[in-house]
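This is data.pdb. It holds PDB, C-alpha atoms.
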ATOM      1  CA  MET A   1    -103.159 -84.553  -5.708
ATOM      2  CA  GLN A   2    -101.107 -87.157  -3.905
ATOM      3  CA  LEU A   3     -98.902 -87.425  -6.945
ATOM      4  CA  GLN A   4     -98.229 -83.695  -6.794
ATOM      5  CA  LEU A   5     -97.319 -83.886  -3.097
ATOM      6  CA  ILE A   6     -94.947 -86.770  -3.775
ATOM      7  CA  SER A   7     -93.353 -84.782  -6.586
ATOM      8  CA  ILE A   8     -92.845 -81.745  -4.328
ATOM      9  CA  VAL A   9     -91.227 -83.878  -1.572
ATOM     10  CA  LEU A  10     -88.902 -85.494  -4.082
ATOM     11  CA  ILE A  11     -87.886 -82.084  -5.420
ATOM     12  CA  LEU A  12     -87.192 -80.764  -1.871
ATOM     13  CA  HIS A  13     -85.114 -83.818  -1.020
ATOM     14  CA  CYS A  14     -83.146 -83.372  -4.197
ATOM     15  CA  MET A  15     -82.484 -79.691  -3.509
ATOM     16  CA  GLU A  16     -81.415 -80.480   0.069
ATOM     17  CA  TYR A  17     -79.102 -83.192  -1.194
ATOM     18  CA  THR A  18     -77.603 -80.876  -3.797
ATOM     19  CA  ASN A  19     -77.062 -78.151  -1.156
ATOM     20  CA  CYS A  20     -75.423 -80.644   1.173
ATOM     21  CA  GLN A  21     -73.142 -81.843  -1.555
ATOM     22  CA  HIS A  22     -72.185 -78.265  -2.401
ATOM     23  CA  HIS A  23     -71.503 -77.492   1.287
ATOM     24  CA  ALA A  24     -69.395 -80.618   1.687
ATOM     25  CA  SER A  25     -67.449 -79.790  -1.438
ATOM     26  CA  ARG A  26     -66.824 -76.208  -0.192
ATOM     27  CA  HIS A  27     -65.690 -77.525   3.210
ATOM     28  CA  ARG A  28     -63.237 -79.850   1.512
ATOM     29  CA  LEU A  29     -61.873 -76.986  -0.571
ATOM     30  CA  ASN A  30     -61.440 -74.754   2.500
ATOM     31  CA  LYS A  31     -59.735 -77.574   4.334
ATOM     32  CA  GLN A  32     -57.395 -78.128   1.421
ATOM     33  CA  GLY A  33     -56.763 -74.365   1.170
ATOM     34  CA  SER A  34     -55.988 -74.040   4.846
ATOM     35  CA  GLY A  35     -53.118 -76.452   4.457
ATOM     36  CA  VAL A  36     -52.888 -77.436   8.141
ATOM     37  CA  SER A  37     -49.387 -78.814   8.645
ATOM     38  CA  SER A  38     -46.598 -79.170  11.141
ATOM     39  CA  GLN A  39     -43.952 -79.168   8.423
ATOM     40  CA  GLY A  40     -42.194 -76.013   7.214
ATOM     41  CA  CYS A  41     -43.700 -73.691   9.879
ATOM     42  CA  GLN A  42     -41.616 -70.692  10.781
ATOM     43  CA  GLY A  43     -41.485 -68.032  13.512
ATOM     44  CA  GLY A  44     -41.935 -70.407  16.473
ATOM     45  CA  CYS A  45     -45.044 -72.107  15.079
ATOM     46  CA  GLN A  46     -45.649 -75.719  15.975
ATOM     47  CA  THR A  47     -48.580 -76.112  13.536
ATOM     48  CA  CYS A  48     -49.676 -73.621  10.906
ATOM     49  CA  SER A  49     -51.832 -73.031   7.847
ATOM     50  CA  VAL A  50     -51.453 -70.935   4.747
ATOM     51  CA  TYR A  51     -54.692 -69.063   5.427
ATOM     52  CA  ASN A  52     -54.474 -68.468   9.219
ATOM     53  CA  GLY A  53     -50.727 -68.567   9.954
ATOM     54  CA  CYS A  54     -49.713 -70.145  13.271
ATOM     55  CA  LEU A  55     -52.315 -72.370  14.870
ATOM     56  CA  THR A  56     -50.240 -73.575  17.818
ATOM     57  CA  CYS A  57     -46.868 -72.411  19.160
ATOM     58  CA  LYS A  58     -43.785 -74.122  20.453
ATOM     59  CA  PRO A  59     -43.462 -74.418  24.268
ATOM     60  CA  LYS A  60     -43.092 -71.128  26.291
ATOM     61  CA  LEU A  61     -44.263 -68.981  23.340
ATOM     62  CA  PHE A  62     -47.552 -67.051  23.287
ATOM     63  CA  ILE A  63     -49.934 -67.169  20.331
ATOM     64  CA  HIS A  64     -51.206 -63.739  19.323
ATOM     65  CA  LEU A  65     -53.953 -63.160  16.754
ATOM     66  CA  GLU A  66     -53.447 -60.200  14.413
ATOM     67  CA  ARG A  67     -56.398 -59.048  12.336
ATOM     68  CA  ASP A  68     -55.931 -58.816   8.572
ATOM     69  CA  GLY A  69     -59.203 -57.547   7.123
ATOM     70  CA  MET A  70     -61.841 -60.193   7.831
ATOM     71  CA  ARG A  71     -59.429 -62.888   8.901
ATOM     72  CA  GLN A  72     -57.038 -63.364  11.834
ATOM     73  CA  ILE A  73     -53.404 -64.366  11.453
ATOM     74  CA  GLY A  74     -51.725 -66.221  14.299
ATOM     75  CA  VAL A  75     -48.135 -65.331  15.286
ATOM     76  CA  CYS A  76     -45.948 -66.790  18.056
ATOM     77  CA  LEU A  77     -44.184 -64.338  20.422
ATOM     78  CA  ALA A  78     -41.879 -64.554  23.444
ATOM     79  CA  SER A  79     -44.026 -61.903  25.206
ATOM     80  CA  CYS A  80     -47.338 -60.276  24.470
ATOM     81  CA  PRO A  81     -47.434 -56.752  22.909
ATOM     82  CA  ASN A  82     -48.761 -53.609  24.621
ATOM     83  CA  GLY A  83     -52.467 -53.805  25.299
ATOM     84  CA  PHE A  84     -52.333 -57.580  25.867
ATOM     85  CA  TYR A  85     -51.400 -59.841  28.759
ATOM     86  CA  GLY A  86     -50.276 -63.441  28.651
ATOM     87  CA  THR A  87     -52.003 -66.479  30.105
ATOM     88  CA  ARG A  88     -50.421 -69.903  30.358
ATOM     89  CA  SER A  89     -52.043 -73.336  30.421
ATOM     90  CA  PRO A  90     -50.785 -76.883  29.849
ATOM     91  CA  ASP A  91     -52.196 -76.862  26.314
ATOM     92  CA  ARG A  92     -51.343 -73.372  25.005
ATOM     93  CA  ASN A  93     -50.276 -69.865  25.947
ATOM     94  CA  ASP A  94     -52.506 -67.021  24.741
ATOM     95  CA  CYS A  95     -52.253 -63.212  24.506
ATOM     96  CA  ILE A  96     -55.482 -61.699  25.881
ATOM     97  CA  LYS A  97     -56.491 -58.096  25.191
ATOM     98  CA  CYS A  98     -56.426 -55.654  28.155
ATOM     99  CA  GLY A  99     -59.421 -53.571  29.144
ATOM    100  CA  SER A 100     -60.262 -50.628  26.931
ATOM    101  CA  GLU A 101     -58.819 -48.061  29.390
ATOM    102  CA  CYS A 102     -55.436 -49.847  29.780
ATOM    103  CA  ASP A 103     -52.400 -49.261  27.603
ATOM    104  CA  SER A 104     -50.677 -52.225  29.264
ATOM    105  CA  CYS A 105     -51.843 -54.569  32.013
ATOM    106  CA  PHE A 106     -50.889 -57.442  34.301
ATOM    107  CA  ASN A 107     -54.278 -59.090  33.845
ATOM    108  CA  ARG A 108     -57.781 -58.002  32.901
ATOM    109  CA  ASN A 109     -58.395 -56.416  36.316
ATOM    110  CA  PHE A 110     -54.997 -54.776  36.957
ATOM    111  CA  CYS A 111     -53.629 -52.078  34.659
ATOM    112  CA  LEU A 112     -49.953 -51.155  34.531
ATOM    113  CA  ARG A 113     -50.303 -48.048  32.316
ATOM    114  CA  CYS A 114     -53.342 -46.082  31.264
ATOM    115  CA  ARG A 115     -54.368 -44.633  27.937
ATOM    116  CA  ALA A 116     -54.354 -40.850  27.398
ATOM    117  CA  GLY A 117     -56.947 -39.021  29.463
ATOM    118  CA  SER A 118     -56.881 -41.321  32.517
ATOM    119  CA  TYR A 119     -54.448 -41.863  35.405
ATOM    120  CA  LEU A 120     -53.383 -45.038  37.161
ATOM    121  CA  HIS A 121     -54.206 -45.595  40.826
ATOM    122  CA  LYS A 122     -53.942 -49.021  42.483
ATOM    123  CA  GLY A 123     -54.179 -50.842  39.153
ATOM    124  CA  LYS A 124     -57.233 -48.913  37.965
ATOM    125  CA  CYS A 125     -57.415 -46.138  35.381
ATOM    126  CA  GLN A 126     -59.376 -43.102  36.531
ATOM    127  CA  GLU A 127     -60.199 -39.800  34.909
ATOM    128  CA  SER A 128     -59.707 -37.908  38.217
ATOM    129  CA  CYS A 129     -57.483 -38.700  41.198
ATOM    130  CA  PRO A 130     -58.653 -39.288  44.794
ATOM    131  CA  ASP A 131     -58.258 -36.601  47.484
ATOM    132  CA  GLY A 132     -54.654 -35.958  48.496
ATOM    133  CA  LEU A 133     -53.300 -37.018  45.105
ATOM    134  CA  VAL A 134     -52.719 -35.117  41.877
ATOM    135  CA  PRO A 135     -52.386 -36.390  38.281
ATOM    136  CA  SER A 136     -48.869 -36.690  36.846
ATOM    137  CA  ASP A 137     -48.813 -36.145  33.089
ATOM    138  CA  THR A 138     -45.336 -37.691  32.785
ATOM    139  CA  LYS A 139     -46.048 -40.851  34.801
ATOM    140  CA  LYS A 140     -49.761 -41.045  33.894
ATOM    141  CA  GLU A 141     -50.405 -41.851  37.553
ATOM    142  CA  CYS A 142     -52.058 -40.332  40.609
ATOM    143  CA  VAL A 143     -49.170 -39.171  42.799
ATOM    144  CA  PRO A 144     -48.695 -37.076  45.971
ATOM    145  CA  ALA A 145     -48.611 -33.303  45.477
ATOM    146  CA  CYS A 146     -44.836 -33.398  46.237
ATOM    147  CA  PRO A 147     -42.573 -36.406  45.698
ATOM    148  CA  ALA A 148     -41.687 -38.273  48.882
ATOM    149  CA  ASP A 149     -38.075 -37.006  49.058
ATOM    150  CA  CYS A 150     -38.998 -33.343  48.490
ATOM    151  CA  ASP A 151     -39.027 -30.672  51.160
ATOM    152  CA  SER A 152     -40.667 -28.275  48.688
ATOM    153  CA  CYS A 153     -41.687 -28.680  45.050
ATOM    154  CA  GLN A 154     -42.842 -26.840  41.971
ATOM    155  CA  ASN A 155     -45.325 -29.573  41.045
ATOM    156  CA  SER A 156     -45.805 -33.307  41.480
ATOM    157  CA  ASP A 157     -42.817 -34.041  39.228
ATOM    158  CA  THR A 158     -40.332 -31.261  40.097
ATOM    159  CA  CYS A 159     -38.656 -30.661  43.465
ATOM    160  CA  THR A 160     -37.150 -27.289  44.399
ATOM    161  CA  ARG A 161     -35.570 -28.419  47.698
ATOM    162  CA  CYS A 162     -34.891 -31.924  48.953
ATOM    163  CA  ALA A 163     -35.441 -33.489  52.338
ATOM    164  CA  PRO A 164     -32.379 -33.689  54.663
ATOM    165  CA  GLY A 165     -29.762 -36.126  53.409
ATOM    166  CA  ARG A 166     -30.904 -35.854  49.771
ATOM    167  CA  TYR A 167     -29.299 -33.986  46.860
ATOM    168  CA  LEU A 168     -31.208 -32.105  44.152
ATOM    169  CA  LEU A 169     -30.576 -32.729  40.454
ATOM    170  CA  HIS A 170     -32.881 -31.637  37.623
ATOM    171  CA  GLY A 171     -35.880 -31.418  39.931
ATOM    172  CA  GLN A 172     -35.331 -34.899  41.434
ATOM    173  CA  CYS A 173     -33.858 -35.867  44.828
ATOM    174  CA  TYR A 174     -31.106 -38.481  45.199
ATOM    175  CA  HIS A 175     -29.515 -40.147  48.192
ATOM    176  CA  ILE A 176     -26.424 -40.863  46.042
ATOM    177  CA  CYS A 177     -25.753 -38.710  42.992
ATOM    178  CA  PRO A 178     -25.813 -40.452  39.592
ATOM    179  CA  GLU A 179     -22.673 -41.302  37.659
ATOM    180  CA  GLU A 180     -20.667 -38.307  36.406
ATOM    181  CA  PHE A 181     -22.111 -36.196  39.256
ATOM    182  CA  GLU A 182     -20.950 -35.628  42.817
ATOM    183  CA  SER A 183     -22.642 -34.300  45.937
ATOM    184  CA  ASN A 184     -22.090 -30.742  47.142
ATOM    185  CA  ASP A 185     -22.849 -30.552  50.871
ATOM    186  CA  GLN A 186     -22.929 -26.746  50.893
ATOM    187  CA  ILE A 187     -25.838 -26.350  48.485
ATOM    188  CA  MET A 188     -27.141 -29.964  48.815
ATOM    189  CA  GLU A 189     -27.153 -30.513  45.073
ATOM    190  CA  CYS A 190     -25.554 -32.913  42.624
ATOM    191  CA  ILE A 191     -22.968 -31.045  40.556
ATOM    192  CA  PRO A 192     -21.130 -32.311  37.458
ATOM    193  CA  THR A 193     -17.836 -34.047  38.141
ATOM    194  CA  VAL A 194     -15.011 -32.045  36.533
ATOM    195  CA  HIS A 195     -11.773 -33.803  35.580
ATOM    196  CA  CYS A 196      -8.379 -32.145  35.356
ATOM    197  CA  GLU A 197      -7.310 -30.800  31.971
ATOM    198  CA  VAL A 198      -3.756 -29.837  31.019
ATOM    199  CA  SER A 199      -2.224 -28.117  28.007
ATOM    200  CA  ASP A 200       0.156 -29.703  25.514
ATOM    201  CA  TRP A 201       3.818 -30.139  26.425
ATOM    202  CA  SER A 202       6.180 -27.273  25.686
ATOM    203  CA  GLU A 203       9.360 -27.772  23.685
ATOM    204  CA  TRP A 204      12.336 -29.320  25.503
ATOM    205  CA  GLY A 205      14.508 -26.692  27.183
ATOM    206  CA  PRO A 206      18.315 -26.375  26.824
ATOM    207  CA  CYS A 207      20.522 -29.160  28.084
ATOM    208  CA  SER A 208      22.071 -27.974  31.367
ATOM    209  CA  ARG A 209      23.801 -29.172  34.473
ATOM    210  CA  SER A 210      23.935 -27.304  37.763
ATOM    211  CA  GLY A 211      22.553 -24.251  35.982
ATOM    212  CA  LYS A 212      25.280 -24.312  33.292
ATOM    213  CA  THR A 213      24.992 -25.173  29.615
ATOM    214  CA  CYS A 214      28.715 -25.898  29.047
ATOM    215  CA  GLY A 215      31.629 -27.644  30.656
ATOM    216  CA  PHE A 216      29.925 -31.068  30.870
ATOM    217  CA  LYS A 217      29.062 -34.074  28.702
ATOM    218  CA  TRP A 218      25.782 -35.345  30.193
ATOM    219  CA  GLY A 219      23.032 -33.120  31.553
ATOM    220  CA  GLU A 220      19.239 -32.762  31.803
ATOM    221  CA  GLU A 221      16.602 -31.006  29.738
ATOM    222  CA  THR A 222      13.084 -30.110  30.915
ATOM    223  CA  ARG A 223       9.659 -29.520  29.369
ATOM    224  CA  THR A 224       6.472 -28.257  31.070
ATOM    225  CA  ARG A 225       2.706 -27.959  30.630
ATOM    226  CA  LYS A 226      -0.010 -25.917  32.365
ATOM    227  CA  VAL A 227      -3.194 -26.876  34.232
ATOM    228  CA  VAL A 228      -6.107 -25.628  32.103
ATOM    229  CA  GLN A 229      -8.956 -26.955  34.315
ATOM    230  CA  ASN A 230      -8.683 -27.853  38.010
ATOM    231  CA  PRO A 231     -10.664 -30.976  39.021
ATOM    232  CA  THR A 232     -13.496 -31.219  41.544
ATOM    233  CA  SER A 233     -13.129 -33.445  44.603
ATOM    234  CA  LYS A 234     -14.066 -36.653  42.742
ATOM    235  CA  GLY A 235     -12.573 -35.671  39.402
ATOM    236  CA  SER A 236      -9.442 -37.190  37.917
ATOM    237  CA  PRO A 237      -6.357 -35.569  39.532
ATOM    238  CA  CYS A 238      -3.871 -33.591  37.479
ATOM    239  CA  PRO A 239      -0.868 -35.431  36.012
ATOM    240  CA  PRO A 240       2.716 -34.100  36.471
ATOM    241  CA  THR A 241       3.239 -30.702  34.861
ATOM    242  CA  SER A 242       7.015 -31.051  34.315
ATOM    243  CA  GLU A 243       9.191 -33.759  32.862
ATOM    244  CA  LYS A 244      12.972 -34.244  32.700
ATOM    245  CA  ARG A 245      15.205 -36.478  30.644
ATOM    246  CA  GLU A 246      18.945 -37.054  30.295
ATOM    247  CA  CYS A 247      20.664 -35.299  27.426
ATOM    248  CA  PHE A 248      24.113 -35.339  25.822
ATOM    249  CA  VAL A 249      26.192 -32.404  24.633
ATOM    250  CA  LYS A 250      29.674 -32.317  23.162
ATOM    251  CA  ARG A 251      32.078 -31.317  25.891
ATOM    252  CA  ARG A 252      33.218 -27.726  25.433
ATOM    253  CA  ARG A 253      34.923 -25.119  27.560
ATOM    254  CA  CYS A 254      32.820 -22.314  28.935
ATOM    255  CA  LYS A 255      33.624 -18.870  27.563
ATOM    256  CA  PRO A 256      34.034 -16.263  30.290
ATOM    257  CA  GLY A 257      31.216 -13.825  30.435
ATOM    258  CA  LYS A 258      31.395 -10.119  31.167
ATOM    259  CA  GLY A 259      30.992 -10.687  34.843
ATOM    260  CA  GLN A 260      33.635 -13.368  34.858
ATOM    261  CA  ARG A 261      36.067 -11.177  32.914
ATOM    262  CA  ARG A 262      35.334  -8.316  35.278
ATOM    263  CA  GLY A 263      36.010 -10.638  38.207
ATOM    264  CA  GLU A 264      39.291 -11.807  36.724
ATOM    265  CA  LYS A 265      40.354  -8.197  36.087
ATOM    266  CA  LYS A 266      39.456  -7.257  39.611
ATOM    267  CA  LYS A 267      41.376 -10.278  40.817
ATOM    268  CA  ARG A 268      44.445  -9.126  38.870
ATOM    269  CA  PHE A 269      44.076  -5.649  40.336
ATOM    270  CA  ASN A 270      43.833  -7.140  43.774
ATOM    271  CA  LEU A 271      46.984  -9.133  43.175
ATOM    272  CA  GLN A 272      48.735  -6.021  41.970
ATOM    273  CA  ASP A 273      47.570  -4.089  44.968
ATOM    274  CA  LYS A 274      48.728  -6.877  47.204
ATOM    275  CA  GLY A 275      52.129  -6.784  45.532
ATOM    276  CA  ASN A 276      52.340  -3.009  45.958
ATOM    277  CA  VAL A 277      51.524  -3.297  49.625
ATOM    278  CA  GLU A 278      54.210  -5.898  50.115
ATOM    279  CA  ALA A 279      56.689  -3.720  48.260
ATOM    280  CA  ARG A 280      55.819  -0.716  50.426
ATOM    281  CA  ARG A 281      56.145  -2.824  53.521
ATOM    282  CA  GLU A 282      59.568  -4.064  52.355
ATOM    283  CA  ARG A 283      60.791  -0.502  51.642
ATOM    284  CA  LYS A 284      59.602   0.577  55.078
ATOM    285  CA  ARG A 285      61.499  -2.291  56.658
ATOM    286  CA  GLU A 286      64.610  -1.276  54.723
ATOM    287  CA  ARG A 287      64.248   2.321  55.887
ATOM    288  CA  ASP A 288      63.763   1.126  59.434
ATOM    289  CA  ARG A 289      66.901  -1.003  59.174
ATOM    290  CA  GLU A 290      68.878   1.946  57.735
ATOM    291  CA  GLU A 291      67.647   4.253  60.468
ATOM    292  CA  THR A 292      68.535   1.661  63.101
ATOM    293  CA  SER A 293      71.981   1.210  61.582
ATOM    294  CA  ASN A 294      72.582   4.976  61.418
ATOM    295  CA  GLN A 295      71.414   5.341  64.984
ATOM    296  CA  GLU A 296      73.784   2.615  66.131
ATOM    297  CA  ASP A 297      76.712   4.222  64.223
ATOM    298  CA  SER A 298      75.948   7.565  65.823
ATOM    299  CA  GLU A 299      75.828   6.016  69.271
ATOM    300  CA  ASN A 300      79.147   4.264  68.643
ATOM    301  CA  ARG A 301      80.768   7.511  67.532
ATOM    302  CA  ASN A 302      79.464   9.292  70.574
ATOM    303  CA  LYS A 303      80.818   6.559  72.814
ATOM    304  CA  THR A 304      84.214   6.732  71.110
ATOM    305  CA  GLU A 305      84.396  10.520  71.466
ATOM    306  CA  HIS A 306      83.405  10.268  75.088
ATOM    307  CA  ARG A 307      86.202   7.783  75.878
ATOM    308  CA  ARG A 308      88.712   9.957  74.090
ATOM    309  CA  ARG A 309      87.789  13.004  76.124
ATOM    310  CA  ARG A 310      87.863  11.017  79.331
ATOM    311  CA  ASP A 311      91.319   9.727  78.544
ATOM    312  CA  GLN A 312      92.584  13.292  77.862
ATOM    313  CA  CYS A 313      91.324  14.440  81.212
ATOM    314  CA  ARG A 314      93.260  11.694  82.964
ATOM    315  CA  ASP A 315      96.525  12.402  81.067
ATOM    316  CA  PRO A 316      96.832  16.147  80.138
ATOM    317  CA  GLY A 317     100.219  15.736  78.486
ATOM    318  CA  THR A 318      98.800  13.476  75.921
ATOM    319  CA  VAL A 319      98.192  15.175  72.628
TER     320      VAL A 319
END

Written as structure tokens, how would this file's structure read?
Amino acid sequence: MQLQLISIVLILHCMEYTNCQHHASRHRLNKQGSGVSSQGCQGGCQTCSVYNGCLTCKPKLFIHLERDGMRQIGVCLASCPNGFYGTRSPDRNDCIKCGSECDSCFNRNFCLRCRAGSYLHKGKCQESCPDGLVPSDTKKECVPACPADCDSCQNSDTCTRCAPGRYLLHGQCYHICPEEFESNDQIMECIPTVHCEVSDWSEWGPCSRSGKTCGFKWGEETRTRKVVQNPTSKGSPCPPTSEKRECFVKRRRCKPGKGQRRGEKKKRFNLQDKGNVEARRERKRERDREETSNQEDSENRNKTEHRRRRDQCRDPGTV
């Protein structure tokens, strides 16, 4: 009986020894397979293994564990992904998973963004908002019924009229309108800034000088363009709509036009008329001189006849 007990104890010790040897051998194999090393690590790893990836990270980087089936792979990141927050310590920096209701968080007790179906209020995610607040589906937050700068609103995200001193644009109120918009004080809205637009240049006009196209050597020619779109108050102003440049033409005499020929003909007629008037005046002067001369001759004859008769009266014997 004692011999049997001794045999059983020996067998149990042998089995335990064999199991321990097998366990030690398996541990050595796993250790060899893990390949813990600080050489050849990539992606910010300070130490790594073939089986588990990064084990420790270089300074300032966070270690994040990604699940791959039944194992976890360590990666080193400059910041933690959504759903995780970073913690720092002298030994290592870890990415810790946020609470189940948080999409992103500052720490385990303070959410920054909630998952679908809940709304953020003071760092907590809630399915319904407190009194005086309404849920915003765009912000995923509990917000006032009207935004702070609204005088009236369609909903918690869309204003229909802004408070004094604010300008409305796409349902939001602004103290200063965004770029490419400008404020309109009449309707208190941000309107698009419109810049001036002009057409293409016309062809160069004829070379002229003082309204003439001949009788000179150097002149000017002009081209123009039209304003297609007038600018708003803050839009780019319109550029010049006309342009001149010096031009050269071969000197040539100007041909008289119809009006000029008519003027010259009239001038000739005027000269002729002037000559006729002078001629008439000269003939009149000649007639006046002839009449004066005839009048003087007649007076002289009368005086002579009068003296003769007077002399006969004084001396009757004179024949």

Answer key for the PyMOL selection byres ((chain A and resi 118) around 12), residues as JSON, numbers by chain:
{"A": [100, 101, 102, 103, 111, 113, 114, 115, 116, 117, 119, 120, 121, 123, 124, 125, 126, 127, 128, 129, 134, 135, 136, 137, 139, 140, 141, 142]}

Do you know which residues the PyMOL selection byres ((chain A and resi 233-235) around 12) returns on this file, as a PyMOL selection string?
chain A and resi 177+179-185+191-197+229-232+236-238

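Minimum distance to Glu66 (chain A) across A:Leu133, A:Ser202, A:Tyr85, A:Cys95 (counting all atoms listed in the file) occurs at A:Cys95.
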
With the PyMOL selection byres ((chain A and resi 253) around 7) as the selection, what would be picked from this file? Answer as a list in words, please.
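That selection, the PyMOL selection byres ((chain A and resi 253) around 7), comes back as Cys214, Gly215, Arg252, Cys254 and Lys255 of chain A.
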
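With CA of Asn276 (chain A) on one side and CA of Gln295 (chain A) on the other, the separation reads 28.2 Å.
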
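Counting from CA of Ile187 (chain A), the distance to CA of Ala145 (chain A) is 24.0 Å.
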
Please, which residues are within 12 Å of (-34.2, -38.8, 50.8) by the file's coordinates, counting all atoms listed in the file, and could they come as a list in words?
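Residues with an atom close enough to that point: Pro147, Ala148, Asp149, Cys150, Asp151, Cys159, Arg161, Cys162, Ala163, Pro164, Gly165, Arg166, Tyr167, Leu168, Gln172, Cys173, Tyr174, His175, Ile176, Cys177 and Met188 of chain A.
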
Listed atoms of region 125-128 of chain A boxed axis-aligned with 5 Å per side, centre + edges as JSON:
{"center_x": -58.8, "center_y": -42.0, "center_z": 36.6, "size_x": 12.8, "size_y": 18.2, "size_z": 13.3}

State, in Å with one decimal place, the distance from CA of Leu61 (chain A) to CA of Gln39 (chain A).
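Separating CA of Leu61 (chain A) from CA of Gln39 (chain A) is a distance of 18.1 Å.
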